[in-house]
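**Student:** Contents are mmCIF, C-alpha atoms and all ligand atoms; file name entry02.cif:
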data_final
#
loop_
_atom_site.label_atom_id
_atom_site.label_comp_id
_atom_site.auth_asym_id
_atom_site.auth_seq_id
_atom_site.Cartn_x
_atom_site.Cartn_y
_atom_site.Cartn_z
CA MET A 15 -5.18 -4.62 28.03
CA VAL A 16 -8.08 -4.50 25.54
CA ARG A 17 -10.67 -7.20 26.29
CA VAL A 18 -11.95 -8.83 23.10
CA ALA A 19 -15.02 -10.95 22.36
CA ILE A 20 -15.52 -12.96 19.19
CA ILE A 21 -19.10 -13.50 18.06
CA GLY A 22 -19.27 -16.31 15.48
CA ALA A 23 -16.16 -17.97 16.90
CA SER A 24 -16.95 -21.30 15.22
CA GLY A 25 -16.42 -19.94 11.69
CA TYR A 26 -13.32 -19.38 9.54
CA THR A 27 -12.82 -15.68 10.30
CA GLY A 28 -13.61 -16.34 13.98
CA ALA A 29 -10.81 -18.94 14.14
CA GLU A 30 -8.36 -16.66 12.33
CA SER A 31 -9.19 -13.85 14.77
CA ILE A 32 -8.47 -16.17 17.72
CA GLU A 33 -5.14 -17.12 16.13
CA ILE A 34 -4.04 -13.48 15.81
CA LEU A 35 -5.23 -12.51 19.28
CA LEU A 36 -3.28 -15.36 20.89
CA ARG A 37 -0.08 -13.55 19.88
CA HIS A 38 -1.31 -10.00 20.66
CA SER A 39 0.58 -8.48 23.60
CA GLN A 40 -1.99 -5.80 24.50
CA ALA A 41 -5.31 -7.50 23.82
CA LYS A 42 -6.83 -10.50 25.55
CA LEU A 43 -9.55 -12.86 24.40
CA THR A 44 -12.23 -12.83 27.09
CA TYR A 45 -15.33 -14.24 25.43
CA LEU A 46 -16.12 -16.59 22.54
CA SER A 47 -19.64 -17.10 21.32
CA ALA A 48 -21.45 -19.21 18.69
CA LEU A 49 -24.82 -20.79 18.06
CA PRO A 50 -25.85 -23.08 20.98
CA GLU A 51 -25.44 -26.29 18.93
CA GLU A 52 -21.84 -25.34 18.06
CA CYS A 53 -20.72 -24.51 21.59
CA GLY A 54 -17.96 -26.31 23.51
CA VAL A 55 -14.21 -26.15 23.94
CA VAL A 56 -12.65 -24.15 21.09
CA SER A 57 -9.76 -26.61 20.70
CA ASP A 58 -12.32 -29.37 20.04
CA MET A 59 -13.68 -27.27 17.16
CA PHE A 60 -10.27 -26.33 15.77
CA GLY A 61 -7.45 -28.78 16.53
CA ARG A 62 -4.87 -26.06 15.87
CA PHE A 63 -5.70 -24.56 19.28
CA LYS A 64 -4.97 -27.74 21.32
CA GLY A 65 -2.74 -26.73 24.22
CA ARG A 66 -2.82 -23.10 23.05
CA CYS A 67 -6.40 -22.04 23.77
CA GLU A 68 -8.88 -24.10 25.77
CA MET A 69 -11.56 -21.41 26.13
CA ILE A 70 -15.23 -22.37 26.07
CA VAL A 71 -17.35 -21.11 23.20
CA GLU A 72 -20.72 -20.23 24.73
CA PRO A 73 -24.16 -19.11 23.53
CA LEU A 74 -24.38 -15.32 23.39
CA ASP A 75 -25.29 -13.68 26.72
CA LEU A 76 -25.31 -9.91 26.21
CA GLU A 77 -25.10 -9.02 29.92
CA LYS A 78 -22.05 -11.21 30.41
CA LEU A 79 -20.51 -9.93 27.18
CA ALA A 80 -20.83 -6.32 28.34
CA ASP A 81 -19.13 -7.22 31.66
CA VAL A 82 -16.12 -8.98 30.18
CA ALA A 83 -15.32 -7.23 26.87
CA ASP A 84 -14.50 -3.77 25.49
CA VAL A 85 -14.86 -4.71 21.84
CA ALA A 86 -16.68 -7.38 19.85
CA LEU A 87 -15.39 -8.82 16.60
CA CYS A 88 -18.66 -9.79 14.94
CA CYS A 89 -17.83 -12.65 12.54
CA LEU A 90 -21.40 -13.41 11.49
CA PRO A 91 -23.08 -13.59 8.07
CA HIS A 92 -24.87 -10.52 6.73
CA LYS A 93 -28.46 -10.10 8.00
CA VAL A 94 -27.59 -12.09 11.16
CA SER A 95 -25.02 -9.41 11.99
CA MET A 96 -27.42 -6.49 11.99
CA SER A 97 -29.71 -8.33 14.39
CA PHE A 98 -26.88 -8.50 17.00
CA VAL A 99 -24.79 -5.36 16.40
CA PRO A 100 -27.30 -2.79 17.77
CA LYS A 101 -27.59 -4.79 21.01
CA MET A 102 -23.82 -4.91 21.45
CA LEU A 103 -23.52 -1.17 20.78
CA ASP A 104 -26.33 -0.46 23.28
CA ALA A 105 -24.45 -2.59 25.82
CA GLY A 106 -21.52 -0.15 25.49
CA LEU A 107 -19.16 -2.24 23.38
CA LYS A 108 -17.25 -1.10 20.36
CA VAL A 109 -18.02 -3.36 17.40
CA ILE A 110 -16.03 -4.37 14.34
CA ASP A 111 -18.44 -6.06 11.99
CA PHE A 112 -17.15 -8.47 9.33
CA SER A 113 -20.35 -8.66 7.29
CA ALA A 114 -21.63 -6.36 4.53
CA ASP A 115 -24.41 -4.98 6.74
CA TYR A 116 -22.67 -1.70 7.60
CA ARG A 117 -20.51 -1.18 4.50
CA ILE A 118 -22.94 0.13 1.88
CA LYS A 119 -24.22 3.59 2.80
CA ASP A 120 -27.04 3.78 0.27
CA VAL A 121 -29.85 1.71 1.79
CA ALA A 122 -31.55 1.21 -1.60
CA VAL A 123 -28.32 -0.23 -3.05
CA TYR A 124 -27.82 -2.49 -0.01
CA GLU A 125 -31.41 -3.71 -0.28
CA LYS A 126 -31.03 -4.40 -4.01
CA PHE A 127 -28.02 -6.67 -3.46
CA TYR A 128 -28.81 -8.12 0.00
CA GLN A 129 -32.13 -7.75 1.85
CA LYS A 130 -34.11 -5.22 3.86
CA HIS A 131 -31.86 -3.22 6.18
CA THR A 132 -33.08 -3.27 9.77
CA ASP A 133 -30.50 -1.00 11.43
CA THR A 134 -30.16 2.10 9.23
CA GLY A 135 -29.44 4.33 12.26
CA ASN A 136 -26.16 2.56 12.99
CA LEU A 137 -25.42 2.15 9.27
CA ALA A 138 -25.25 5.95 8.97
CA LYS A 139 -22.68 6.12 11.81
CA ALA A 140 -20.47 3.19 10.76
CA VAL A 141 -16.93 3.90 9.53
CA TYR A 142 -15.46 1.89 6.64
CA GLY A 143 -12.44 0.12 8.09
CA LEU A 144 -9.74 0.35 5.42
CA PRO A 145 -6.89 1.82 7.51
CA GLU A 146 -4.72 2.92 4.59
CA LEU A 147 -7.46 5.33 3.49
CA PHE A 148 -9.68 6.06 6.49
CA ARG A 149 -7.36 5.81 9.51
CA ASP A 150 -8.42 9.15 11.02
CA LYS A 151 -12.11 8.24 11.00
CA ILE A 152 -11.44 4.76 12.42
CA LYS A 153 -9.68 6.28 15.47
CA GLY A 154 -12.89 7.56 17.05
CA ALA A 155 -15.29 4.93 15.74
CA LYS A 156 -17.73 2.92 17.84
CA LEU A 157 -18.77 0.76 14.86
CA VAL A 158 -16.36 -0.21 12.10
CA ALA A 159 -17.57 -1.94 8.95
CA ASN A 160 -14.67 -4.21 8.10
CA PRO A 161 -14.20 -4.22 4.31
CA GLY A 162 -14.98 -7.12 2.03
CA CYS A 163 -12.03 -9.21 0.87
CA PHE A 164 -12.33 -8.49 -2.88
CA PRO A 165 -12.89 -4.75 -2.28
CA THR A 166 -9.74 -4.66 -0.11
CA GLY A 167 -7.70 -6.21 -2.93
CA LEU A 168 -9.17 -3.92 -5.58
CA ILE A 169 -9.01 -0.61 -3.70
CA LEU A 170 -5.44 -1.09 -2.48
CA ALA A 171 -4.43 -1.99 -6.05
CA ILE A 172 -5.68 1.31 -7.52
CA ALA A 173 -6.02 3.81 -4.63
CA PRO A 174 -3.01 5.95 -5.68
CA LEU A 175 -4.43 6.31 -9.21
CA LEU A 176 -7.93 7.12 -7.94
CA LYS A 177 -6.69 9.65 -5.41
CA GLU A 178 -4.54 11.49 -7.96
CA GLY A 179 -7.27 11.43 -10.63
CA LEU A 180 -4.98 9.70 -13.12
CA ILE A 181 -7.46 7.19 -14.61
CA GLU A 182 -10.74 7.26 -16.50
CA ASN A 183 -13.76 6.32 -14.44
CA ASP A 184 -14.27 2.78 -15.73
CA VAL A 185 -12.19 -0.01 -14.26
CA ILE A 186 -12.13 -3.78 -14.80
CA ASP A 187 -11.21 -6.07 -11.90
CA ASN A 188 -10.53 -9.75 -12.62
CA ALA A 189 -9.86 -11.58 -9.39
CA VAL A 190 -9.39 -15.16 -8.22
CA THR A 191 -10.03 -16.29 -4.67
CA GLY A 192 -9.16 -19.36 -2.69
CA ILE A 193 -12.01 -21.48 -1.38
CA SER A 194 -11.99 -20.27 2.25
CA GLY A 195 -13.61 -17.08 0.88
CA ALA A 196 -16.91 -18.97 0.88
CA GLY A 197 -16.85 -19.75 4.63
CA LYS A 198 -16.85 -23.11 6.35
CA ASN A 199 -20.05 -24.63 4.90
CA PRO A 200 -19.44 -25.66 1.27
CA SER A 201 -22.15 -25.36 -1.36
CA VAL A 202 -22.23 -27.85 -4.26
CA LYS A 203 -20.20 -25.44 -6.41
CA PHE A 204 -17.54 -24.80 -3.78
CA HIS A 205 -17.34 -28.38 -2.51
CA PHE A 206 -14.03 -30.26 -2.94
CA PRO A 207 -15.00 -32.51 -5.91
CA ASN A 208 -15.92 -29.45 -7.97
CA MET A 209 -13.07 -27.25 -6.73
CA ASN A 210 -10.23 -29.72 -7.01
CA GLU A 211 -8.18 -29.22 -10.21
CA ASN A 212 -10.77 -26.64 -11.33
CA ILE A 213 -11.16 -22.89 -11.73
CA PHE A 214 -14.32 -21.04 -12.74
CA ALA A 215 -15.97 -17.64 -12.91
CA TYR A 216 -19.01 -16.98 -10.77
CA GLY A 217 -21.35 -14.12 -9.84
CA ILE A 218 -21.13 -12.81 -13.42
CA GLY A 219 -22.35 -9.21 -13.38
CA THR A 220 -24.04 -9.71 -10.02
CA HIS A 221 -21.39 -10.14 -7.32
CA ARG A 222 -22.33 -8.33 -4.12
CA HIS A 223 -18.92 -6.77 -3.68
CA MET A 224 -19.39 -4.64 -6.82
CA PRO A 225 -21.51 -1.88 -5.20
CA GLU A 226 -19.13 -1.76 -2.22
CA MET A 227 -16.17 -1.35 -4.60
CA GLU A 228 -17.93 1.43 -6.50
CA GLN A 229 -18.85 3.28 -3.31
CA ILE A 230 -15.32 3.26 -1.92
CA ALA A 231 -13.66 3.98 -5.27
CA ALA A 232 -15.96 7.01 -5.63
CA ASP A 233 -15.09 8.17 -2.09
CA VAL A 234 -11.39 8.01 -2.92
CA ALA A 235 -11.68 9.53 -6.42
CA GLY A 236 -14.25 12.17 -5.45
CA LYS A 237 -16.43 11.20 -8.44
CA PRO A 238 -18.39 8.12 -9.60
CA VAL A 239 -16.33 5.14 -10.76
CA MET A 240 -17.82 2.23 -12.73
CA ILE A 241 -16.29 -1.10 -11.81
CA LEU A 242 -16.75 -4.26 -13.82
CA PHE A 243 -15.81 -6.95 -11.32
CA GLN A 244 -15.39 -10.59 -12.32
CA PRO A 245 -14.53 -13.04 -9.51
CA HIS A 246 -13.18 -16.55 -10.05
CA ALA A 247 -12.67 -19.38 -7.57
CA GLY A 248 -9.52 -21.51 -7.67
CA PRO A 249 -8.40 -24.73 -5.95
CA PHE A 250 -6.36 -23.25 -3.10
CA ASP A 251 -7.23 -22.49 0.50
CA LEU A 252 -6.17 -18.90 1.06
CA GLY A 253 -5.63 -15.74 -0.95
CA ILE A 254 -6.98 -13.37 -3.56
CA LEU A 255 -5.06 -12.24 -6.63
CA SER A 256 -6.63 -9.20 -8.30
CA THR A 257 -5.72 -7.97 -11.79
CA VAL A 258 -7.15 -4.52 -12.42
CA TYR A 259 -7.23 -2.76 -15.81
CA CYS A 260 -7.49 1.06 -15.96
CA LYS A 261 -7.27 3.59 -18.79
CA PRO A 262 -4.86 6.39 -17.90
CA LYS A 263 -5.98 9.98 -18.62
CA GLY A 264 -2.63 10.84 -20.21
CA LYS A 265 0.60 9.07 -20.99
CA VAL A 266 2.08 7.34 -17.96
CA THR A 267 5.36 5.44 -17.59
CA ASN A 268 6.35 2.56 -15.34
CA GLU A 269 8.82 4.81 -13.51
CA GLN A 270 6.03 7.33 -12.73
CA LEU A 271 3.78 4.54 -11.48
CA VAL A 272 6.40 3.05 -9.18
CA LYS A 273 7.19 6.47 -7.70
CA LEU A 274 3.48 7.26 -7.25
CA TYR A 275 2.82 3.94 -5.45
CA LYS A 276 5.95 4.10 -3.29
CA ASP A 277 5.12 7.66 -2.20
CA PHE A 278 1.45 6.84 -1.59
CA TYR A 279 2.16 3.77 0.53
CA ALA A 280 5.29 5.12 2.27
CA GLY A 281 4.98 4.36 5.97
CA GLU A 282 2.08 1.93 5.51
CA PRO A 283 3.04 -1.12 7.55
CA PHE A 284 1.06 -3.65 5.52
CA VAL A 285 1.26 -2.56 1.89
CA GLN A 286 4.37 -3.48 -0.09
CA VAL A 287 5.01 -2.18 -3.59
CA CYS A 288 6.63 -5.05 -5.49
CA ALA A 289 8.95 -5.09 -8.49
CA GLY A 290 6.89 -7.75 -10.29
CA SER A 291 3.51 -9.47 -10.20
CA PRO A 292 2.66 -10.58 -6.66
CA ASN A 293 1.44 -14.06 -5.75
CA VAL A 294 -0.83 -15.37 -3.05
CA LYS A 295 1.70 -17.72 -1.45
CA ASP A 296 3.84 -14.75 -0.42
CA VAL A 297 0.99 -13.16 1.56
CA ALA A 298 -0.91 -16.25 2.81
CA GLY A 299 -0.88 -16.26 6.60
CA THR A 300 0.00 -12.53 6.77
CA ASN A 301 -1.75 -9.16 6.94
CA TYR A 302 0.23 -7.88 3.96
CA CYS A 303 -1.07 -6.63 0.64
CA HIS A 304 1.46 -6.84 -2.20
CA VAL A 305 0.81 -4.46 -5.10
CA PHE A 306 2.43 -4.00 -8.50
CA PRO A 307 1.38 -1.42 -11.14
CA THR A 308 2.61 -1.53 -14.73
CA VAL A 309 1.75 -0.25 -18.22
CA VAL A 310 0.78 -2.70 -20.98
CA LYS A 311 -0.07 -1.28 -24.44
CA GLY A 312 -1.10 2.04 -22.89
CA THR A 313 -3.36 0.41 -20.28
CA VAL A 314 -2.41 0.55 -16.60
CA VAL A 315 -2.58 -2.95 -15.14
CA CYS A 316 -2.43 -3.17 -11.35
CA PHE A 317 -2.01 -6.40 -9.43
CA SER A 318 -2.61 -7.06 -5.75
CA ALA A 319 -2.39 -10.15 -3.54
CA ILE A 320 -3.87 -10.57 -0.06
CA ASP A 321 -4.85 -13.37 2.29
CA ASN A 322 -8.67 -13.20 2.20
CA LEU A 323 -9.01 -14.34 5.82
CA ILE A 324 -6.32 -11.98 7.18
CA LYS A 325 -5.92 -8.66 5.30
CA GLY A 326 -9.32 -9.48 3.78
CA ALA A 327 -11.00 -10.07 7.17
CA SER A 328 -9.54 -10.91 10.63
CA GLY A 329 -6.13 -9.21 10.30
CA GLN A 330 -7.70 -6.03 8.98
CA ALA A 331 -10.25 -6.15 11.83
CA ILE A 332 -7.48 -6.38 14.41
CA GLN A 333 -5.55 -3.61 12.62
CA ASN A 334 -8.76 -1.55 13.02
CA MET A 335 -9.06 -2.57 16.68
CA ASN A 336 -5.49 -1.44 17.31
CA ILE A 337 -6.26 1.95 15.74
CA ILE A 338 -9.52 2.38 17.71
CA PHE A 339 -7.74 1.74 21.01
CA GLY A 340 -4.66 3.83 20.19
CA LEU A 341 -2.34 0.81 20.11
CA ASP A 342 0.57 0.19 17.75
CA GLU A 343 -1.28 -0.74 14.55
CA THR A 344 0.91 -3.76 13.88
CA LEU A 345 0.40 -5.55 17.23
CA GLY A 346 -0.47 -9.21 16.71
CA LEU A 347 0.04 -8.80 12.97
CA SER A 348 3.71 -8.43 12.20
N1 LIG B 401 -14.25 -16.00 4.50
C1 LIG B 401 -13.72 -14.87 4.07
O1 LIG B 401 -12.71 -14.87 3.33
C2 LIG B 401 -14.31 -13.54 4.48
C3 LIG B 401 -13.62 -12.37 4.13
C4 LIG B 401 -14.16 -11.12 4.48
C5 LIG B 401 -15.39 -11.08 5.17
N2 LIG B 401 -16.03 -12.22 5.47
C6 LIG B 401 -17.30 -12.10 6.19
O2 LIG B 401 -17.09 -12.51 7.53
C7 LIG B 401 -18.29 -13.10 8.06
C8 LIG B 401 -17.96 -14.51 8.55
O3 LIG B 401 -17.42 -15.26 7.44
P1 LIG B 401 -16.78 -16.71 7.63
O4 LIG B 401 -16.06 -17.01 6.38
O5 LIG B 401 -16.09 -16.78 8.94
O6 LIG B 401 -18.13 -17.59 7.68
P2 LIG B 401 -18.35 -19.03 8.34
O7 LIG B 401 -17.10 -19.81 8.34
O8 LIG B 401 -19.55 -19.60 7.66
O9 LIG B 401 -18.73 -18.66 9.86
C9 LIG B 401 -19.91 -17.92 10.17
C10 LIG B 401 -20.13 -17.92 11.66
O10 LIG B 401 -21.41 -17.31 11.93
C11 LIG B 401 -22.21 -18.25 12.67
N3 LIG B 401 -23.64 -18.12 12.33
C12 LIG B 401 -24.22 -18.41 11.15
N4 LIG B 401 -25.54 -18.16 11.21
C13 LIG B 401 -25.79 -17.74 12.47
C14 LIG B 401 -26.98 -17.33 13.16
N5 LIG B 401 -28.17 -17.31 12.57
N6 LIG B 401 -26.85 -16.92 14.46
C15 LIG B 401 -25.64 -16.93 15.07
N7 LIG B 401 -24.49 -17.31 14.46
C16 LIG B 401 -24.58 -17.71 13.18
C17 LIG B 401 -21.68 -19.60 12.25
O11 LIG B 401 -22.11 -20.55 13.19
P3 LIG B 401 -22.11 -22.13 12.83
O12 LIG B 401 -20.77 -22.61 13.29
O13 LIG B 401 -23.23 -22.67 13.59
O14 LIG B 401 -22.30 -22.25 11.33
C18 LIG B 401 -20.19 -19.30 12.27
O15 LIG B 401 -19.69 -19.20 13.58
C19 LIG B 401 -19.31 -13.09 6.90
O16 LIG B 401 -20.15 -11.96 7.02
C20 LIG B 401 -18.43 -12.98 5.67
O17 LIG B 401 -19.09 -12.38 4.57
C21 LIG B 401 -15.52 -13.46 5.16
#
Show me the file's structure as structure tokens.
Ligand SMILES: NC(=O)c1ccc[n+]([C@@H]2O[C@H](COP(=O)([O-])OP(=O)(O)OC[C@H]3O[C@@H](n4cnc5c(N)ncnc54)[C@H](OP(=O)(O)O)[C@@H]3O)[C@@H](O)[C@H]2O)c1
**Tutor:**
Amino acid sequence: MVRVAIIGASGYTGAESIEILLRHSQAKLTYLSALPEECGVVSDMFGRFKGRCEMIVEPLDLEKLADVADVALCCLPHKVSMSFVPKMLDAGLKVIDFSADYRIKDVAVYEKFYQKHTDTGNLAKAVYGLPELFRDKIKGAKLVANPGCFPTGLILAIAPLLKEGLIENDVIDNAVTGISGAGKNPSVKFHFPNMNENIFAYGIGTHRHMPEMEQIAADVAGKPVMILFQPHAGPFDLGILSTVYCKPKGKVTNEQLVKLYKDFYAGEPFVQVCAGSPNVKDVAGTNYCHVFPTVVKGTVVCFSAIDNLIKGASGQAIQNMNIIFGLDETLGLS
């Protein structure tokens, strides 16, 4: 039985991780931690756990953590994460980090979009946790950088085209996310009165997921890829729908695309190639990514839908945990 700690258990991805682990047959929640002022019984924080999980969320005690857990799911914001992760690694735990702190390999790029990096030693060793592309590296990892939610949607939408070198190196990603993508503390923009019956673009030209997308797309394609990413926020709780526009290098047909995608994702437990445009309601509450590629006026348009909190965060983290510990990858998730 793998013993699992959740750090940042009072947040959205922390709660979703608890939910998945409660139905995991070979992993056991042993420790929940949050800021001192947030601590208490987890079912008092999240009513959905009443009668299902009455564990105490406690302030972080590293000695205790090392005694009771094999792996920590670190569900903290960026910057805060890299102040805790080195201590958990030094204490002998494996760590799956949900923040951006260990995703972007180029320190100068990270520092341009976030802030000064204070743990570059571990950054160099971290493995990017997108199982469909980096499963072999994840197997032996001590530190996994769990991907961002938008990058997960984008990369899974176009990975077969990138890998086979079938598209030009400039890509446009238009995506819309549900409001849980912003975490549990709403800003004025993401607060209910502005979100309700509304949809808007944000982070125009500046969104922090853009450099992560370009890094991973380049890893997959073996050459630089320019990504113009435009996020939108919509009035729903869960999900990301990505619409990605790519210029093919030669003529490509719908039949070729479907065959390429079905071959590429054959055997992948959580990627489904659909016969039409996917939608977020079909994947909400699941670890699935639905993809659909098609040709429109000579442009390849690829769609993907994921649940931002599950395939975009907690589900993917537990998929990574299963791989690290040699378990069936689908445990807790199917
Ligand atoms: N939401 C998504 O769809 C999504 C998807 C992919 C990745 N992520 C990433 O996952 C991480 C968690 O996101 P979330 O949506 O769960 O955020 P959230 O709902 O705001 O929860 C963040 C958690 O971190 C805790 N925290 C904040 N500042 C802290 C500090 N200085 N010291 C200790 N704990 C602190 C919070 O405690 P309090 O309860 O006291 O606030 C809370 O438990 C972030 O790095 C985010 O970028 C989120």
**Student:** Go through chain A residue by residue and, counting all atoms listed in the file, keep those with an atom at most 7 Å from ligand LIG 401 (chain B); for each kept residue give the shortest atom pair and its distance in Å to one decimal, ordered by chain and increasing number, as a Markdown table.
**Tutor:**
| residue | atom | partner | partner_atom | distance |
| --- | --- | --- | --- | --- |
| A:Gly22 | CA | B:LIG401 | O15 | 3.5 |
| A:Ala23 | CA | B:LIG401 | O15 | 5.0 |
| A:Ser24 | CA | B:LIG401 | O15 | 3.8 |
| A:Gly25 | CA | B:LIG401 | O9 | 3.2 |
| A:Tyr26 | CA | B:LIG401 | O5 | 3.8 |
| A:Thr27 | CA | B:LIG401 | O5 | 3.7 |
| A:Gly28 | CA | B:LIG401 | O5 | 5.6 |
| A:Ala48 | CA | B:LIG401 | O15 | 5.4 |
| A:Leu49 | CA | B:LIG401 | C15 | 5.0 |
| A:Glu51 | CA | B:LIG401 | O13 | 6.8 |
| A:Glu52 | CA | B:LIG401 | O13 | 5.4 |
| A:Cys89 | CA | B:LIG401 | C8 | 4.4 |
| A:Leu90 | CA | B:LIG401 | O10 | 3.9 |
| A:Pro91 | CA | B:LIG401 | O16 | 3.5 |
| A:His92 | CA | B:LIG401 | O16 | 4.9 |
| A:Val94 | CA | B:LIG401 | N5 | 5.4 |
| A:Phe112 | CA | B:LIG401 | O2 | 4.4 |
| A:Ser113 | CA | B:LIG401 | O16 | 3.3 |
| A:Ala114 | CA | B:LIG401 | O16 | 6.3 |
| A:Pro161 | CA | B:LIG401 | C4 | 6.9 |
| A:Gly162 | CA | B:LIG401 | C4 | 4.8 |
| A:Cys163 | CA | B:LIG401 | C4 | 4.6 |
| A:Ser194 | CA | B:LIG401 | N1 | 5.3 |
| A:Gly195 | CA | B:LIG401 | O1 | 3.4 |
| A:Ala196 | CA | B:LIG401 | N1 | 5.4 |
| A:Gly197 | CA | B:LIG401 | O4 | 3.3 |
| A:Lys198 | CA | B:LIG401 | O7 | 3.9 |
| A:Asn199 | CA | B:LIG401 | O8 | 5.8 |
| A:Asn322 | CA | B:LIG401 | O1 | 4.5 |
| A:Leu323 | CA | B:LIG401 | O1 | 4.5 |
| A:Gly326 | CA | B:LIG401 | C4 | 5.2 |
| A:Ala327 | CA | B:LIG401 | C4 | 4.3 |
**Student:** Taking only C-alpha atoms into account, name the residue in A:Phe250, A:Ala171, A:Asp233, A:Pro225 that is nearest to Ile213 of chain A.
**Tutor:**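 That would be A:Phe250, the residue with the smallest distance to Ile213 of chain A.
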**Student:** Record the distance separating atom CA of Lys295 of chain A and atom CA of Thr267 of chain A, expressed in Å with one decimal.
**Tutor:**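 Separation of atom CA of Lys295 of chain A and atom CA of Thr267 of chain A: 28.5 Å.
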**Student:** Step by step, gather every atom of segment 305-314 of chain A that the file lists, find the box along x, y and z that holds them, add 5 Å on each side, and finally give centre and edge lengths in Å to one decimal, as JSON.
**Tutor:**
{"center_x": -0.4, "center_y": -1.2, "center_z": -14.8, "size_x": 16.0, "size_y": 16.5, "size_z": 29.3}
**Student:** So how far away is atom CA of Ser348 of chain A from atom CA of Ala41 of chain A, in Å?
**Tutor:**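 Separation of atom CA of Ala41 of chain A and atom CA of Ser348 of chain A: 14.7 Å.
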**Student:** Neighbouring residues of segment 139-152 of chain A were defined as those with any atom within 9 Å, considering only C-alpha atoms; residues of the same chain fewer than 5 positions away were excluded. Please report them as an MDAnalysis selection string.
**Tutor:** chainID A and resid 110 116:117 119 134 157:161 166 170 173 230 234 279 282 284:285 330:331 333:335 337:338
**Student:** Give me, please, the distance in Å between atom CA of Lys64 of chain A and atom CA of Ile21 of chain A, quoted to one decimal.
**Tutor:**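 Taking atom CA of Lys64 of chain A as the start and atom CA of Ile21 of chain A as the end point, the length is 20.3 Å.
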**Student:** Find the spatial neighbours of Leu242 of chain A, counting all atoms listed in the file, within a cut-off of 10 Å - ignore same-chain residues fewer than 5 positions away - and output them as a list in words.
**Tutor:**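 Using all atoms listed in the file, the neighbours found are Asp184, Val185, Ile186, Asp187, Asn188, Ile218, Gly219, Thr220, His221, Met224, Met227, Glu228, Val258 and Tyr259 of chain A.
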**Student:** Between A:Ser318, A:Tyr275, A:Ala289, A:Ala105, which residue has the minimum interatomic distance to Thr191 of chain A, considering only C-alpha atoms?
**Tutor:**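 When distances to Thr191 of chain A are compared using only C-alpha atoms, the smallest one comes from A:Ser318.
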**Student:** Which residue, A:Arg37, A:Lys153, A:Arg17, A:Lys311, has the smallest gap to Thr344 of chain A when you use only C-alpha atoms?
**Tutor:**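 Comparing A:Arg37, A:Lys153, A:Arg17, A:Lys311 against Thr344 of chain A, the winner is A:Arg37.
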**Student:** Between A:Lys93, A:Lys261, A:Arg222, A:Lys42, which is the closest to His131 of chain A once you count only C-alpha atoms?
**Tutor:**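 Of the candidates, the smallest distance to His131 of chain A is held by A:Lys93.
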**Student:** What's around Ile32 of chain A at 10 Å? Count all atoms listed in the file, leave out sequence neighbours fewer than 5 positions away in its own chain, and write the answer as a VMD selection string.
**Tutor:** chain A and resid 18 to 20 23 27 37 to 38 42 to 43 46 56 63 67 328
**Student:** If we draw a sphere of 8 Å around (-17.2, 4.7, -14.8), which residues have at least one atom in it when counting only C-alpha atoms? Please report them as a ChimeraX atom specification.
**Tutor:** /A:182-185,238-241
**Student:** Which residues, written as a PyMOL selection string, have at least one atom at most 12 Å from Gln40 of chain A, with all atoms listed in the file counted and residues fewer than 5 positions away on the same chain left out?
**Tutor:** chain A and resi 15-18+34-35+332+335-336+339-346
